[in-house]
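> For reference, the file work.tsv (TSV, C-alpha atoms) is included below:
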```tsv
chain	number	residue	atom	x	y	z
A	1	MET	CA	20.65	-42.23	41.27
A	2	GLY	CA	23.72	-43.51	43.17
A	3	PHE	CA	21.76	-43.97	46.40
A	4	LEU	CA	19.16	-45.97	44.51
A	5	ILE	CA	21.83	-48.41	43.28
A	6	LEU	CA	23.24	-48.86	46.77
A	7	GLU	CA	19.74	-49.51	48.07
A	8	TRP	CA	19.20	-52.27	45.51
A	9	ILE	CA	22.59	-53.83	46.35
A	10	PHE	CA	21.64	-53.89	50.04
A	11	ILE	CA	18.27	-55.51	49.24
A	12	PHE	CA	20.07	-58.12	47.12
A	13	LEU	CA	22.42	-59.02	49.99
A	14	LEU	CA	19.48	-59.43	52.38
A	15	TRP	CA	17.82	-61.69	49.86
A	16	LEU	CA	20.94	-63.87	49.71
A	17	VAL	CA	21.07	-64.14	53.47
A	18	ARG	CA	17.41	-65.17	53.76
A	19	HIS	CA	17.34	-67.70	50.93
A	20	PHE	CA	20.72	-69.41	51.27
A	21	LYS	CA	20.72	-69.73	55.09
A	22	ILE	CA	24.23	-68.42	55.40
A	23	SER	CA	25.41	-68.10	59.00
A	24	PHE	CA	27.16	-65.10	60.37
A	25	SER	CA	30.36	-67.11	60.76
A	26	ASP	CA	30.17	-68.21	57.15
A	27	VAL	CA	29.80	-64.60	56.06
A	28	THR	CA	32.71	-63.65	58.30
A	29	ASN	CA	34.89	-66.39	56.87
A	30	PHE	CA	33.84	-65.39	53.36
A	31	MET	CA	34.62	-61.77	54.00
A	32	ASN	CA	38.00	-62.64	55.53
A	33	GLY	CA	38.80	-64.85	52.57
A	34	LEU	CA	38.39	-62.04	50.08
A	35	PRO	CA	41.60	-60.74	48.51
A	36	VAL	CA	43.27	-57.70	50.02
A	37	GLY	CA	41.93	-54.48	48.44
A	38	PHE	CA	38.67	-56.09	47.28
A	39	TRP	CA	36.49	-53.60	49.10
A	40	THR	CA	38.58	-50.73	47.89
A	41	LEU	CA	38.16	-51.97	44.34
A	42	PHE	CA	34.47	-52.67	44.95
A	43	SER	CA	33.99	-49.13	46.30
A	44	ALA	CA	35.85	-47.71	43.33
A	45	VAL	CA	33.67	-49.69	40.92
A	46	ILE	CA	30.50	-48.50	42.65
A	47	THR	CA	31.76	-44.92	42.61
A	48	ALA	CA	32.68	-45.15	38.92
A	49	THR	CA	29.31	-46.73	38.14
A	50	VAL	CA	27.47	-43.98	39.97
A	51	ALA	CA	29.61	-41.33	38.25
A	52	MET	CA	28.96	-42.92	34.85
A	53	LEU	CA	25.24	-43.13	35.47
A	54	THR	CA	25.23	-39.52	36.69
A	55	LEU	CA	27.08	-38.48	33.52
A	56	VAL	CA	24.64	-40.38	31.34
A	57	VAL	CA	21.65	-38.86	33.10
A	58	THR	CA	23.21	-35.39	32.82
A	59	GLN	CA	23.86	-35.90	29.11
A	60	VAL	CA	20.28	-37.07	28.55
A	61	VAL	CA	18.90	-34.08	30.47
A	62	ASN	CA	21.18	-31.71	28.57
A	63	LEU	CA	20.18	-33.27	25.25
A	64	GLN	CA	16.49	-32.94	26.07
A	65	SER	CA	17.06	-29.34	27.18
A	66	GLN	CA	18.90	-28.59	23.92
A	67	GLU	CA	16.10	-30.18	21.91
A	68	ARG	CA	13.48	-28.08	23.71
A	69	GLN	CA	15.64	-24.99	23.21
A	70	ALA	CA	16.01	-25.80	19.50
A	71	GLU	CA	12.26	-26.30	19.18
A	72	ASN	CA	11.60	-22.95	20.89
A	73	GLN	CA	14.14	-21.24	18.65
A	74	ASN	CA	12.56	-22.80	15.57
A	75	GLU	CA	9.12	-21.66	16.70
A	76	MET	CA	10.41	-18.12	17.32
A	77	LEU	CA	12.18	-18.12	13.96
A	78	ALA	CA	9.02	-19.30	12.21
A	79	LYS	CA	7.02	-16.54	13.89
A	80	GLN	CA	9.64	-13.96	12.91
A	81	LEU	CA	9.61	-15.19	9.32
A	82	ASP	CA	5.80	-15.04	9.24
A	83	HIS	CA	5.92	-11.51	10.67
A	84	GLN	CA	8.56	-10.43	8.16
A	85	LYS	CA	6.53	-11.94	5.33
A	86	GLU	CA	3.41	-10.15	6.55
A	87	MET	CA	5.29	-6.84	6.85
A	88	ALA	CA	6.76	-7.28	3.35
A	89	GLN	CA	3.27	-7.89	1.96
A	90	ILE	CA	1.94	-4.80	3.75
A	91	GLN	CA	4.83	-2.67	2.48
A	92	HIS	CA	4.30	-3.97	-1.06
A	93	PHE	CA	0.57	-3.20	-0.79
A	94	ILE	CA	1.24	0.33	0.48
A	95	ALA	CA	3.87	0.94	-2.22
A	96	LYS	CA	1.51	-0.16	-5.01
A	97	ARG	CA	-1.35	1.85	-3.54
A	98	THR	CA	0.83	4.95	-3.23
A	99	GLU	CA	1.96	4.53	-6.82
A	100	ALA	CA	-1.68	4.30	-7.97
A	101	VAL	CA	-2.68	7.36	-5.92
A	102	LEU	CA	0.19	9.47	-7.24
A	103	GLU	CA	-0.50	8.44	-10.83
A	104	PHE	CA	-4.18	9.36	-10.52
A	105	GLN	CA	-3.32	12.64	-8.80
A	106	LYS	CA	-0.85	13.52	-11.56
A	107	SER	CA	-3.33	12.71	-14.35
A	108	LEU	CA	-6.10	14.61	-12.56
A	109	GLU	CA	-4.07	17.78	-12.13
A	110	GLU	CA	-2.79	17.67	-15.71
A	111	ALA	CA	-6.25	17.22	-17.24
A	112	ARG	CA	-7.81	19.82	-14.97
A	113	GLY	CA	-4.91	22.20	-15.57
A	114	ILE	CA	-5.55	22.24	-19.32
A	115	LEU	CA	-9.22	23.09	-18.71
A	116	GLU	CA	-8.24	25.80	-16.24
A	117	TYR	CA	-5.80	27.25	-18.76
A	118	PHE	CA	-8.45	27.26	-21.50
A	119	HIS	CA	-10.81	29.21	-19.22
A	120	GLY	CA	-8.06	31.50	-17.95
A	121	GLU	CA	-7.30	35.05	-19.04
A	122	THR	CA	-4.12	34.17	-20.94
A	123	ALA	CA	-5.79	31.72	-23.34
A	124	ASP	CA	-8.89	33.91	-23.63
A	125	PHE	CA	-6.82	36.95	-24.52
A	126	GLU	CA	-5.05	34.93	-27.22
A	127	ARG	CA	-8.40	33.93	-28.75
A	128	ARG	CA	-9.68	37.51	-28.60
A	129	ARG	CA	-6.52	38.78	-30.24
A	130	ILE	CA	-6.73	36.30	-33.12
A	131	LEU	CA	-10.47	36.95	-33.57
A	132	LYS	CA	-9.73	40.73	-33.60
A	133	VAL	CA	-12.59	41.46	-31.24
A	134	GLN	CA	-13.87	45.06	-31.27
A	135	TYR	CA	-15.67	46.79	-28.39
A	136	GLU	CA	-18.21	49.56	-28.29
A	137	HIS	CA	-16.18	51.20	-25.54
A	138	PRO	CA	-12.59	50.19	-26.28
A	139	GLU	CA	-11.25	52.36	-23.43
A	140	ALA	CA	-13.23	50.41	-20.79
A	141	THR	CA	-11.35	48.11	-18.42
A	142	PRO	CA	-11.84	45.25	-18.00
A	143	LYS	CA	-13.31	44.25	-21.32
A	144	SER	CA	-16.65	42.43	-21.20
A	145	LYS	CA	-18.62	40.17	-23.51
A	146	GLU	CA	-21.62	42.51	-23.36
A	147	ASP	CA	-19.50	45.31	-24.86
A	148	MET	CA	-18.34	43.22	-27.85
A	149	ILE	CA	-19.20	44.07	-31.44
A	150	GLU	CA	-20.10	40.64	-32.80
A	151	PHE	CA	-18.89	41.11	-36.34
A	152	PHE	CA	-16.03	38.84	-37.40
A	153	PHE	CA	-14.24	38.04	-40.62
A	154	ALA	CA	-14.29	34.40	-41.76
A	155	SER	CA	-10.50	34.09	-41.75
A	156	ASP	CA	-10.30	35.42	-38.19
A	157	VAL	CA	-13.00	33.02	-37.03
A	158	GLU	CA	-11.17	30.13	-38.68
A	159	ASN	CA	-7.89	31.12	-37.03
A	160	MET	CA	-9.50	31.59	-33.62
A	161	LEU	CA	-11.18	28.19	-33.74
A	162	ALA	CA	-7.89	26.55	-34.74
A	163	CYS	CA	-6.20	28.33	-31.83
A	164	ALA	CA	-8.92	27.24	-29.38
A	165	LEU	CA	-8.66	23.61	-30.51
A	166	GLU	CA	-4.90	23.74	-30.13
A	167	GLN	CA	-5.39	24.97	-26.57
A	168	ILE	CA	-7.91	22.31	-25.56
A	169	LEU	CA	-7.00	19.17	-27.57
A	170	PRO	CA	-4.03	18.22	-25.30
A	171	VAL	CA	-6.63	17.32	-22.66
A	172	GLU	CA	-7.73	14.20	-24.57
A	173	PRO	CA	-4.68	11.99	-23.83
A	174	LYS	CA	-4.72	13.31	-20.27
A	175	ILE	CA	-8.31	12.14	-19.85
A	176	THR	CA	-7.37	8.71	-21.20
A	177	ALA	CA	-4.54	8.51	-18.67
A	178	LEU	CA	-6.91	9.74	-15.97
A	179	ASN	CA	-9.43	6.98	-16.65
A	180	ASN	CA	-6.69	4.35	-16.76
A	181	SER	CA	-5.23	5.52	-13.45
A	182	LEU	CA	-8.69	5.52	-11.88
A	183	ASN	CA	-9.22	1.89	-12.96
A	184	LEU	CA	-6.02	0.94	-11.14
A	185	LEU	CA	-6.85	2.97	-8.05
A	186	VAL	CA	-10.42	1.84	-7.40
A	187	VAL	CA	-9.31	-1.50	-5.88
A	188	TYR	CA	-7.89	0.44	-2.92
A	189	LEU	CA	-10.89	2.74	-2.41
A	190	GLU	CA	-14.03	2.58	-0.33
A	191	GLU	CA	-17.24	2.53	-2.35
A	192	ASN	CA	-18.16	6.14	-1.52
A	193	GLU	CA	-14.63	7.33	-2.33
A	194	GLN	CA	-14.73	5.55	-5.67
A	195	ALA	CA	-18.00	7.33	-6.47
A	196	GLU	CA	-16.51	10.75	-5.65
A	197	LEU	CA	-13.40	10.20	-7.77
A	198	SER	CA	-15.45	8.82	-10.65
A	199	ALA	CA	-17.72	11.88	-10.50
A	200	ILE	CA	-14.91	14.39	-10.97
A	201	VAL	CA	-13.39	12.32	-13.79
A	202	LYS	CA	-16.74	12.24	-15.60
A	203	GLU	CA	-17.19	15.98	-15.12
A	204	ILE	CA	-13.74	16.74	-16.53
A	205	GLU	CA	-14.41	14.39	-19.44
A	206	TYR	CA	-17.79	15.97	-20.16
A	207	ALA	CA	-16.44	19.54	-19.98
A	208	ALA	CA	-13.60	18.71	-22.37
A	209	HIS	CA	-15.84	16.88	-24.85
A	210	PHE	CA	-18.35	19.72	-24.75
A	211	LEU	CA	-15.68	22.25	-25.72
A	212	ILE	CA	-13.93	20.08	-28.31
A	213	GLY	CA	-17.17	18.91	-29.92
A	214	ASN	CA	-18.58	22.41	-30.31
A	215	LEU	CA	-15.30	23.87	-31.56
A	216	LYS	CA	-14.99	21.15	-34.20
A	217	TYR	CA	-18.62	21.71	-35.23
A	218	LEU	CA	-18.01	25.44	-35.72
A	219	GLU	CA	-14.75	24.73	-37.56
A	220	GLU	CA	-16.57	22.49	-40.03
A	221	LYS	CA	-19.54	24.88	-40.37
A	222	LYS	CA	-17.30	27.84	-41.30
A	223	ASP	CA	-19.98	30.45	-40.57
A	224	PRO	CA	-18.50	33.67	-39.16
A	225	ALA	CA	-22.01	34.91	-38.35
A	226	ASP	CA	-22.81	31.97	-36.07
A	227	PRO	CA	-23.53	33.48	-32.62
A	228	SER	CA	-21.81	30.50	-30.96
A	229	VAL	CA	-18.44	31.84	-32.13
A	230	SER	CA	-18.49	34.55	-29.49
A	231	ASN	CA	-18.98	31.92	-26.75
A	232	TYR	CA	-15.26	31.20	-26.93
A	233	VAL	CA	-14.12	34.67	-25.95
A	234	HIS	CA	-14.98	36.02	-22.51
A	235	ILE	CA	-16.12	32.46	-22.05
A	236	GLY	CA	-19.32	32.06	-20.04
A	237	GLU	CA	-22.13	29.60	-19.44
A	238	PRO	CA	-22.45	26.67	-19.59
A	239	SER	CA	-18.72	26.05	-19.71
A	240	ILE	CA	-17.91	28.02	-16.56
A	241	ILE	CA	-20.65	26.09	-14.72
A	242	TYR	CA	-18.84	22.84	-15.54
A	243	MET	CA	-15.60	24.30	-14.25
A	244	HIS	CA	-17.29	25.43	-11.04
A	245	GLY	CA	-18.55	21.87	-10.47
A	246	ILE	CA	-15.04	20.47	-11.03
A	247	ARG	CA	-13.49	22.96	-8.59
A	248	THR	CA	-16.09	22.15	-5.97
A	249	LYS	CA	-15.43	18.40	-6.20
A	250	LEU	CA	-11.68	18.88	-6.30
A	251	THR	CA	-11.39	19.83	-2.61
A	252	ARG	CA	-12.96	16.56	-1.45
A	253	VAL	CA	-11.00	14.47	-3.98
A	254	ARG	CA	-7.71	15.97	-2.82
A	255	GLU	CA	-8.65	15.16	0.78
A	256	ILE	CA	-9.28	11.51	-0.12
A	257	LEU	CA	-5.96	11.21	-1.94
A	258	ARG	CA	-4.07	12.96	0.85
A	259	ASN	CA	-5.45	10.51	3.40
A	260	TYR	CA	-4.12	7.55	1.41
A	261	LEU	CA	-0.73	9.17	0.92
A	262	HIS	CA	-0.42	9.78	4.67
A	263	PHE	CA	-1.25	6.09	5.31
A	264	ILE	CA	-4.23	6.94	7.51
A	265	LYS	CA	-6.06	3.97	5.95
```
Would you encode the structure as structure tokens?

Amino acid sequence: MGFLILEWIFIFLLWLVRHFKISFSDVTNFMNGLPVGFWTLFSAVITATVAMLTLVVTQVVNLQSQERQAENQNEMLAKQLDHQKEMAQIQHFIAKRTEAVLEFQKSLEEARGILEYFHGETADFERRRILKVQYEHPEATPKSKEDMIEFFFASDVENMLACALEQILPVEPKITALNNSLNLLVVYLEENEQAELSAIVKEIEYAAHFLIGNLKYLEEKKDPADPSVSNYVHIGEPSIIYMHGIRTKLTRVREILRNYLHFIK
């Protein structure tokens, strides 16, 4: 920048010489007539001017550099904020999905557990005990339905049916919770997964309603000679077929839920 100024000063002096027809002697006399220290002052002014211009240019360059740096920092910050927002949304999505999966899994195991208990030996033994079941070969082990003497007193039948209903009725609120949890979970599922989860829920619901409906019918009928009474000790078909279907579907359903809990999807 400083050299450029000096170049323009030199060009200006040449222009003066050409246009004003100043002789060399005139220039010499003019130069000699200048005050002592003029050129020193003139040189100092030029130097100061060049230094000032250099400082100004440096400041402008620095300012532009700072502006570009600020713009880059703002762009990086905006990208970081967008990334953080995206990650927060993903984490929120995963948290809500995990919550829905765990709630469905809990409701499923609770509802299924009540059905399993009803078909298990402990509950069956309790019903047989209350019904006071007699066997043709009481010494035989294990006891079987084919060996039963199907003669029951009305009071025993009434007590057994009440006991059976007490064992199975807790499944009803569990099924309600199961359906509610499924409704919340389906938004996260693939279509085929939704179908598989819906199938096991319907099977649990049907098995429970089958048992409860028939038990209530027998309770209202109050007929100790009804052959259906014996279906609720050494419990057999069709109830055990429903349970087999539920157990078969359960393996695949647990696999689906496990995949979502491990964040594979």
> Go through A:Val187, A:Phe125, A:Leu215, A:Arg247 and flag the residue nearest A:Glu109, using only C-alpha atoms for the distances.
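Among A:Val187, A:Phe125, A:Leu215, A:Arg247, it is A:Arg247 that comes nearest to A:Glu109.
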> Between A:Leu189, A:Ile175, A:Val229, A:Met160, which is the closest to A:Val253 once you count all atoms listed in the file?
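Ranking A:Leu189, A:Ile175, A:Val229, A:Met160 by distance to A:Val253, first place goes to A:Leu189.
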> Kindly extract all protein, DNA and RNA residues lying within 10 Å of the coordinates (-14.2, 48.3, -32.4) given in the file, considering only C-alpha atoms, and supply them as number ranges by chain.
A: 132-138, 147-151
> Need to verify the contact set: A:Phe210, 12 Å, all atoms listed in the file, exclusion of same-chain residues closer than 2 positions in sequence. Can you return it as a PyMOL selection string?
chain A and resi 115+165+168-169+172+202-208+212-217+237-240+242-243
> Figure out the distance between atom CA of A:Glu166 and atom CA of A:Ala100, please, to one decimal in Å.
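So the answer is 29.7 Å.
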> Rounded to one decimal, what separation in Å do you get between atom CA of A:Glu110 and atom CA of A:Leu261?
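These atoms are spaced 18.8 Å apart.
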> Any idea what the distance is between atom CA of A:Lys106 and atom CA of A:Val233?
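Straight-line distance from atom CA of A:Lys106 to atom CA of A:Val233 works out to 28.8 Å.
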> Hey, which of A:Leu178, A:Ile90, A:Ala51, A:Ile130 ends up closest to A:Phe152? Count all atoms listed in the file.
A:Ile130
> Which residues, protein or nucleic acid, reach to within 10 Å of (-14.5, 9.2, -7.4) in the file's coordinates when using only C-alpha atoms, and can you give that as a list in words?
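The requested residues, written out, are Leu182, Leu185, Val186, Leu189, Glu190, Glu191, Asn192, Glu193, Gln194, Ala195, Glu196, Leu197, Ser198, Ala199, Ile200, Val201, Lys202, Lys249, Arg252, Val253 and Ile256 of chain A.
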